[in-house]
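J.: This is the content of model.csv (CSV, C-alpha atoms):
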```
chain,number,residue,atom,x,y,z
A,181,MET,CA,265.8,41.1,-69.3
A,182,ILE,CA,263.0,41.9,-66.9
A,183,LEU,CA,260.6,39.8,-69.0
A,184,ALA,CA,263.0,36.8,-68.9
A,185,VAL,CA,263.5,37.0,-65.1
A,186,THR,CA,259.7,37.3,-64.6
A,187,ALA,CA,259.1,34.2,-66.9
A,188,TRP,CA,261.8,32.3,-65.0
A,189,ALA,CA,260.3,33.1,-61.6
A,190,ALA,CA,256.8,32.2,-62.8
A,191,ALA,CA,258.1,28.8,-64.2
A,192,ASP,CA,260.0,28.1,-61.0
A,193,ARG,CA,257.0,28.8,-58.9
A,194,ALA,CA,254.7,26.7,-61.1
A,195,LEU,CA,257.2,23.7,-61.1
A,196,ARG,CA,257.7,23.7,-57.3
A,197,PRO,CA,254.8,21.4,-56.7
A,198,VAL,CA,256.1,19.0,-59.3
A,199,GLU,CA,259.5,18.9,-57.7
A,200,ALA,CA,257.9,18.4,-54.3
A,201,ILE,CA,255.9,15.4,-55.7
A,202,ARG,CA,259.1,14.0,-57.3
A,203,ARG,CA,261.0,14.2,-54.0
A,204,GLU,CA,258.1,12.6,-52.1
A,205,LEU,CA,257.8,9.8,-54.7
A,206,GLU,CA,261.5,9.1,-54.5
A,207,ASP,CA,261.3,8.8,-50.7
A,208,ILE,CA,258.2,6.6,-50.9
A,209,THR,CA,259.8,4.1,-53.4
A,210,ALA,CA,263.0,4.0,-51.3
A,211,ARG,CA,261.3,3.5,-47.9
A,212,SER,CA,257.7,2.5,-47.8
A,213,LEU,CA,255.0,1.9,-50.5
A,214,GLY,CA,252.3,2.5,-47.9
A,215,ARG,CA,252.7,6.3,-48.1
A,216,ARG,CA,251.0,8.5,-50.7
A,217,VAL,CA,251.7,11.8,-52.4
A,218,PRO,CA,249.7,14.6,-50.8
A,219,VAL,CA,246.9,16.1,-53.0
A,220,SER,CA,245.9,19.7,-52.5
A,221,SER,CA,242.1,19.9,-52.0
A,222,SER,CA,242.1,23.5,-53.1
A,223,ALA,CA,243.2,22.6,-56.5
A,224,SER,CA,241.1,19.6,-57.3
A,225,ALA,CA,240.8,20.6,-61.0
A,226,ASP,CA,244.5,21.6,-61.4
A,227,GLU,CA,246.9,19.5,-63.5
A,228,ILE,CA,249.2,19.1,-60.5
A,229,ALA,CA,246.4,17.6,-58.4
A,230,ARG,CA,245.5,15.2,-61.2
A,231,LEU,CA,249.1,14.2,-61.5
A,232,ALA,CA,249.3,13.5,-57.7
A,233,ARG,CA,246.1,11.4,-57.9
A,234,THR,CA,247.4,9.4,-60.8
A,235,ILE,CA,250.7,8.7,-59.0
A,236,ASN,CA,248.7,7.6,-55.9
A,237,THR,CA,246.7,5.2,-58.0
A,238,THR,CA,249.9,3.8,-59.4
A,239,LEU,CA,251.3,3.4,-55.9
A,240,ASP,CA,248.2,1.5,-54.9
A,241,ARG,CA,248.7,-1.0,-57.7
A,242,LEU,CA,252.4,-1.3,-56.9
A,243,GLU,CA,251.7,-1.9,-53.2
A,244,ARG,CA,249.1,-4.6,-54.0
A,245,SER,CA,251.5,-6.3,-56.4
A,246,ALA,CA,254.3,-6.2,-53.8
A,247,GLU,CA,252.0,-7.7,-51.2
A,248,LEU,CA,250.9,-10.5,-53.5
A,249,GLN,CA,254.5,-11.2,-54.5
A,250,GLN,CA,255.6,-11.4,-50.8
A,251,ARG,CA,252.7,-13.7,-49.9
A,252,PHE,CA,253.4,-15.9,-53.0
A,253,VAL,CA,257.1,-16.2,-52.1
A,254,ALA,CA,256.2,-17.1,-48.5
A,255,ASP,CA,253.7,-19.7,-49.5
A,256,ALA,CA,256.0,-21.2,-52.1
A,257,SER,CA,258.8,-21.4,-49.6
A,258,HIS,CA,256.6,-23.2,-47.1
A,259,GLU,CA,255.3,-25.6,-49.8
A,260,LEU,CA,258.9,-26.5,-50.8
A,261,ARG,CA,260.3,-26.6,-47.3
A,262,SER,CA,257.9,-29.1,-45.9
A,263,PRO,CA,258.5,-32.0,-48.3
A,264,LEU,CA,262.2,-31.3,-48.4
A,265,ALA,CA,262.4,-31.5,-44.7
A,266,GLY,CA,260.4,-34.7,-44.6
A,267,LEU,CA,262.5,-36.3,-47.4
A,268,ARG,CA,265.8,-35.3,-45.6
A,269,ALA,CA,264.6,-36.6,-42.2
A,270,SER,CA,263.6,-39.9,-43.8
A,271,LEU,CA,266.9,-40.4,-45.6
A,272,GLU,CA,269.0,-39.4,-42.6
A,273,ALA,CA,267.1,-41.8,-40.3
A,274,SER,CA,267.6,-44.6,-42.8
A,275,LEU,CA,271.3,-44.0,-43.0
A,276,THR,CA,271.6,-43.6,-39.2
A,277,HIS,CA,269.8,-46.9,-38.5
A,278,PRO,CA,270.1,-48.9,-41.8
A,279,GLU,CA,269.3,-52.3,-40.2
A,280,GLY,CA,265.8,-53.4,-40.9
A,281,VAL,CA,265.1,-50.6,-43.4
A,282,ASP,CA,263.0,-51.6,-46.4
A,283,TRP,CA,265.2,-49.7,-48.9
A,284,GLN,CA,263.0,-50.3,-51.9
A,285,ALA,CA,260.0,-48.8,-50.1
A,286,ARG,CA,262.1,-46.0,-48.8
A,287,VAL,CA,263.4,-45.2,-52.3
A,288,ARG,CA,259.8,-45.3,-53.7
A,289,ASP,CA,258.7,-42.8,-51.0
A,290,ALA,CA,261.6,-40.6,-51.8
A,291,LEU,CA,260.9,-40.7,-55.6
A,292,ARG,CA,257.2,-39.8,-54.9
A,293,ASP,CA,258.3,-36.8,-52.9
A,294,ILE,CA,260.8,-35.8,-55.7
A,295,VAL,CA,258.1,-36.1,-58.3
A,296,ARG,CA,255.8,-33.8,-56.2
A,297,LEU,CA,258.6,-31.3,-55.8
A,298,GLN,CA,259.3,-31.3,-59.6
A,299,GLY,CA,255.6,-30.7,-60.3
A,300,LEU,CA,255.5,-27.9,-57.8
A,301,SER,CA,258.6,-26.3,-59.3
A,302,HIS,CA,257.1,-26.5,-62.8
A,303,ASP,CA,253.9,-24.9,-61.5
A,304,LEU,CA,255.8,-22.1,-59.8
A,305,LEU,CA,257.8,-21.4,-63.0
A,306,LEU,CA,254.6,-21.3,-65.1
A,307,LEU,CA,253.0,-18.9,-62.7
A,308,ALA,CA,256.1,-16.7,-62.8
A,309,GLN,CA,255.9,-16.7,-66.6
A,310,LEU,CA,252.1,-15.8,-66.5
A,311,ASP,CA,252.7,-13.1,-63.9
A,312,GLY,CA,255.5,-11.7,-66.0
A,313,GLY,CA,253.0,-10.9,-68.7
A,314,ALA,CA,254.9,-12.7,-71.5
A,315,PRO,CA,253.0,-12.5,-74.8
A,316,ILE,CA,250.8,-15.5,-75.7
A,317,ALA,CA,251.5,-17.4,-78.9
A,318,ASP,CA,249.0,-16.3,-81.5
A,319,THR,CA,248.1,-19.6,-83.1
A,320,ARG,CA,244.9,-21.5,-83.9
A,321,VAL,CA,244.2,-24.3,-81.5
A,322,ASN,CA,241.6,-27.1,-82.1
A,323,LEU,CA,240.1,-27.3,-78.6
A,324,THR,CA,237.9,-30.2,-79.6
A,325,ASP,CA,240.8,-32.4,-80.6
A,326,LEU,CA,242.8,-31.3,-77.6
A,327,ALA,CA,240.0,-32.3,-75.2
A,328,HIS,CA,239.6,-35.6,-77.0
A,329,ASP,CA,243.3,-36.5,-76.8
A,330,LEU,CA,243.5,-35.6,-73.1
A,331,ALA,CA,240.4,-37.7,-72.4
A,332,VAL,CA,242.0,-40.7,-74.1
A,333,GLU,CA,245.2,-40.2,-72.3
A,334,HIS,CA,243.5,-40.0,-68.9
A,335,ARG,CA,241.6,-43.2,-69.6
A,336,HIS,CA,244.9,-45.1,-69.7
A,337,LEU,CA,246.4,-43.4,-66.6
A,338,PRO,CA,246.3,-45.2,-63.2
A,339,HIS,CA,243.5,-43.9,-60.9
A,340,PRO,CA,242.6,-44.8,-57.3
A,341,ARG,CA,239.4,-46.4,-58.7
A,342,PRO,CA,238.0,-47.4,-62.1
A,343,LEU,CA,236.7,-44.3,-64.0
A,344,ASP,CA,234.5,-43.9,-67.0
A,345,ILE,CA,236.1,-40.9,-68.8
A,346,ARG,CA,234.1,-39.5,-71.7
A,347,CYS,CA,234.4,-36.7,-74.1
A,348,THR,CA,231.6,-35.3,-76.3
A,349,ALA,CA,231.9,-32.3,-78.6
A,350,ASP,CA,230.1,-30.4,-81.3
A,351,ASP,CA,230.9,-31.0,-85.0
A,352,PRO,CA,232.6,-29.1,-86.7
A,353,PRO,CA,235.5,-28.8,-84.2
A,354,ALA,CA,235.8,-25.6,-82.0
A,355,TRP,CA,238.9,-23.5,-82.7
A,356,VAL,CA,240.4,-20.9,-80.3
A,357,ARG,CA,243.4,-18.6,-80.6
A,358,GLY,CA,246.4,-18.7,-78.2
A,359,SER,CA,249.1,-21.0,-76.9
A,360,ASP,CA,248.4,-24.7,-77.5
A,361,VAL,CA,250.8,-25.6,-74.6
A,362,GLN,CA,249.0,-23.4,-72.1
A,363,LEU,CA,245.5,-24.4,-73.3
A,364,GLU,CA,246.6,-28.1,-72.9
A,365,ARG,CA,247.8,-27.3,-69.4
A,366,LEU,CA,244.4,-25.7,-68.6
A,367,LEU,CA,242.4,-28.8,-69.7
A,368,ARG,CA,244.9,-31.2,-68.2
A,369,ASN,CA,244.6,-29.5,-64.8
A,370,LEU,CA,240.8,-29.6,-64.9
A,371,LEU,CA,240.8,-33.2,-65.9
A,372,GLY,CA,243.4,-34.2,-63.3
A,373,ASN,CA,241.4,-32.5,-60.6
A,374,ALA,CA,238.2,-34.2,-61.7
A,375,CYS,CA,239.8,-37.7,-61.9
A,376,ARG,CA,241.4,-37.2,-58.5
A,377,TYR,CA,238.0,-36.8,-56.8
A,378,ALA,CA,235.5,-38.6,-59.1
A,379,ARG,CA,233.8,-41.8,-57.8
A,380,THR,CA,233.0,-43.4,-61.2
A,381,MET,CA,232.7,-40.9,-64.0
A,382,VAL,CA,234.4,-37.9,-65.6
A,383,GLU,CA,232.8,-36.2,-68.6
A,384,VAL,CA,234.3,-33.5,-70.8
A,385,THR,CA,232.1,-31.5,-73.2
A,386,VAL,CA,233.1,-28.9,-75.8
A,387,ARG,CA,230.4,-26.9,-77.5
A,388,THR,CA,229.9,-23.6,-79.4
A,389,GLU,CA,227.6,-20.8,-78.3
A,390,ARG,CA,226.8,-18.2,-81.0
A,391,HIS,CA,225.2,-14.8,-80.3
A,392,GLU,CA,224.9,-11.5,-82.0
A,393,ASP,CA,228.2,-10.0,-80.9
A,394,GLY,CA,230.4,-13.0,-81.4
A,395,ALA,CA,230.8,-16.7,-80.6
A,396,THR,CA,232.2,-18.6,-77.7
A,397,VAL,CA,233.6,-22.0,-77.1
A,398,VAL,CA,232.3,-23.5,-73.9
A,399,PHE,CA,234.1,-26.4,-72.3
A,400,GLU,CA,232.9,-28.3,-69.2
A,401,VAL,CA,234.6,-30.9,-67.0
A,402,ARG,CA,232.2,-32.8,-64.8
A,403,ASP,CA,232.7,-35.5,-62.2
A,404,ASP,CA,230.5,-37.4,-59.7
A,405,GLY,CA,232.8,-36.8,-56.7
A,406,PRO,CA,232.0,-35.0,-53.4
A,407,GLY,CA,231.6,-31.6,-55.2
A,408,ILE,CA,232.7,-28.2,-54.0
A,409,PRO,CA,230.5,-26.1,-51.6
A,410,VAL,CA,229.2,-22.9,-53.0
A,411,ALA,CA,231.1,-20.8,-50.5
A,412,ASP,CA,234.4,-22.4,-51.6
A,413,ARG,CA,234.0,-22.2,-55.4
A,414,GLU,CA,236.0,-19.0,-55.7
A,415,ARG,CA,238.5,-19.9,-53.0
A,416,VAL,CA,239.7,-23.0,-54.8
A,417,PHE,CA,241.1,-20.7,-57.5
A,418,LYS,CA,243.3,-19.0,-55.1
A,419,ARG,CA,246.9,-20.0,-55.1
A,420,PHE,CA,247.9,-22.7,-52.5
A,421,SER,CA,244.2,-23.0,-51.4
A,422,ARG,CA,242.8,-26.4,-50.4
A,423,LEU,CA,239.5,-27.6,-49.1
A,424,GLU,CA,239.8,-29.1,-45.6
A,425,ASP,CA,237.7,-32.2,-46.4
A,426,ALA,CA,238.9,-33.2,-49.9
A,427,ARG,CA,242.0,-31.4,-51.0
A,428,THR,CA,244.6,-32.5,-48.5
A,429,ARG,CA,248.4,-32.7,-48.8
A,430,LYS,CA,248.2,-36.4,-49.2
A,431,SER,CA,245.5,-36.8,-51.8
A,432,GLY,CA,245.6,-33.4,-53.5
A,433,GLY,CA,248.3,-31.2,-55.0
A,434,ALA,CA,249.8,-28.0,-53.8
A,435,GLY,CA,246.7,-26.0,-54.6
A,436,LEU,CA,248.1,-24.4,-57.8
A,437,GLY,CA,246.3,-26.4,-60.5
A,438,LEU,CA,243.0,-24.5,-60.6
A,439,ALA,CA,244.8,-21.2,-60.0
A,440,ILE,CA,246.9,-21.9,-63.1
A,441,ALA,CA,243.9,-23.0,-65.1
A,442,ARG,CA,242.0,-19.8,-64.4
A,443,GLU,CA,245.0,-17.6,-65.1
A,444,ILE,CA,245.5,-19.2,-68.5
A,445,ALA,CA,241.8,-18.8,-69.3
A,446,THR,CA,241.9,-15.2,-68.3
A,447,ARG,CA,245.0,-14.5,-70.4
A,448,HIS,CA,243.3,-16.0,-73.4
A,449,GLY,CA,240.3,-13.6,-73.0
A,450,GLY,CA,238.1,-16.2,-71.3
A,451,THR,CA,236.6,-17.2,-67.9
A,452,LEU,CA,236.6,-20.2,-65.7
A,453,HIS,CA,234.4,-21.1,-62.7
A,454,PHE,CA,232.5,-23.9,-61.0
A,455,ALA,CA,228.8,-24.0,-61.8
A,456,ASP,CA,225.8,-25.4,-60.0
A,457,THR,CA,225.2,-29.1,-60.6
A,458,VAL,CA,223.0,-31.8,-59.0
A,459,SER,CA,226.0,-33.8,-57.8
A,460,GLY,CA,229.7,-33.7,-58.1
A,461,ALA,CA,231.6,-30.7,-59.5
A,462,CYS,CA,231.3,-29.0,-62.9
A,463,ALA,CA,234.1,-26.7,-64.1
A,464,VAL,CA,232.9,-24.4,-66.9
A,465,GLY,CA,235.3,-22.4,-69.1
A,466,ARG,CA,234.6,-20.0,-71.9
A,467,LEU,CA,237.0,-18.8,-74.7
A,468,PRO,CA,236.5,-16.7,-77.8
A,469,LEU,CA,235.8,-18.8,-80.9
A,470,VAL,CA,237.8,-18.3,-84.1
A,471,GLY,CA,237.2,-19.9,-87.4
A,472,GLY,CA,239.0,-23.1,-88.3
A,473,GLU,CA,241.4,-23.3,-91.2
A,474,GLY,CA,239.7,-21.6,-94.1
A,475,GLU,CA,236.7,-20.8,-92.1
A,476,GLU,CA,235.3,-17.5,-90.7
A,477,VAL,CA,233.0,-16.9,-87.8
A,478,ARG,CA,230.4,-14.4,-88.9
A,479,PRO,CA,226.6,-13.9,-88.5
A,480,GLY,CA,224.1,-15.1,-90.9
A,481,VAL,CA,220.8,-13.5,-91.8
A,482,GLY,CA,218.9,-12.6,-88.6
A,483,GLY,CA,221.8,-13.6,-86.3
A,484,TYR,CA,223.9,-16.7,-86.0
A,485,VAL,CA,222.7,-19.9,-87.6
A,486,GLU,CA,224.1,-23.0,-86.0
A,487,VAL,CA,223.9,-26.6,-87.3
A,488,ARG,CA,225.1,-28.9,-84.6
A,489,ALA,CA,225.8,-32.6,-84.7
A,490,VAL,CA,227.0,-34.1,-81.4
A,491,ARG,CA,229.6,-36.8,-81.7
A,492,ASP,CA,230.8,-39.1,-79.0
A,493,LEU,CA,234.5,-39.2,-78.7
```
What does the file become when written as structure tokens?
T.:
Amino acid sequence: MILAVTAWAAADRALRPVEAIRRELEDITARSLGRRVPVSSSASADEIARLARTINTTLDRLERSAELQQRFVADASHELRSPLAGLRASLEASLTHPEGVDWQARVRDALRDIVRLQGLSHDLLLLAQLDGGAPIADTRVNLTDLAHDLAVEHRHLPHPRPLDIRCTADDPPAWVRGSDVQLERLLRNLLGNACRYARTMVEVTVRTERHEDGATVVFEVRDDGPGIPVADRERVFKRFSRLEDARTRKSGGAGLGLAIAREIATRHGGTLHFADTVSGACAVGRLPLVGGEGEEVRPGVGGYVEVRAVRDL
């Protein structure tokens, strides 16, 4: 009996710090994520102290995530509110003073605003899906054919000025693994951005780089437009960011296209950035290479052997 009481007392004393951490964590999650669980400096190597530090690290991530979510909701609300308010004011003014209104022009303007709002809502939905961490489709995607098809499509789209849109790629085609829908969106966003600011030319290239520890598909989208200053090359990938001189509300989008493109590249195990170039802008993406149908990606003797034939698409 005495032994049982002693064991109970010892267990109660040992678990008191855990209960204190539990109560503190419950209060933090209910009131403010800015607070942290206290860590005893006298027990830096103790399991309880390690538990407290792990909880504080988790709280740091939760607080950052909550701040990003709040900022994103605020930015999205602002982006949606402005065109909606303008559209409403325009229609109300037309109905109040219908005489002399060019109704065809007014409807065209309203449709343009609605299309922009639809695009913004689609972008917001895609970002929500990406942020939610939904699993990516595990399929083989022919990135070479995808780039070729999008280049052909953009040749036939209306642009503010005539554009020479080219696509060159290595042979055989480059295959990657992931979601064909998301990868198409990645390339479409990069192409759309390049076509919006190019003066005369947009060039898409797809090539394969092989090295000892694997192989990578490198895709580039170049244009001869005003380019992006070095100091802004990371900022343009932030959500709702625009450059003051080129990316305006009138000529540009909502500032989500490049952010979505990088998020897709990252979720597919790749990278996306703007590289140095003599003129214009050059977006460079990298994705892990996988073999095509019936093919394998593996090193040959003394490393990777590459036989490349460039074809003009």
J.: Please provide as a list in words all residues within 12 Å of Ser257 of chain A, with the sequence filter that same-chain residues fewer than 6 positions apart are discarded (counting only C-alpha atoms).
T.: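 Those residues are Gln250, Arg251, Pro263, Leu264, Ala265, Leu297, Leu300, Ser301, Leu304, Phe420 and Ala434 of chain A.
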J.: Which one is closest to Leu343 of chain A: A:Thr380, A:Ser274, A:Ser459, A:Gln362? Count only C-alpha atoms.
T.: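 Among the listed residues, the smallest separation from Leu343 of chain A belongs to A:Thr380.
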J.: To one decimal in Å, tell me the separation between atom CA of Ala374 of chain A and atom CA of Cys347 of chain A.
T.: 13.2 Å
J.: Counting only C-alpha atoms, figure out which residue out of A:Arg376, A:Ala463, A:Pro338, A:Thr324 gets nearest to Val397 of chain A.
T.: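 Of all the options, A:Thr324 lies closest to Val397 of chain A.
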J.: Taking into account all atoms listed in the file, which residue in the set A:Leu260, A:Asp311, A:Ser421, A:Gly358 is nearest to Ser245 of chain A?
T.: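 Of the candidates, the smallest distance to Ser245 of chain A is held by A:Asp311.
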J.: May I ask for the distance between atom CA of Arg241 of chain A and atom CA of Ala254 of chain A, given in Å to one decimal place?
T.: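 Computing it gives 20.0 Å between the two atoms.
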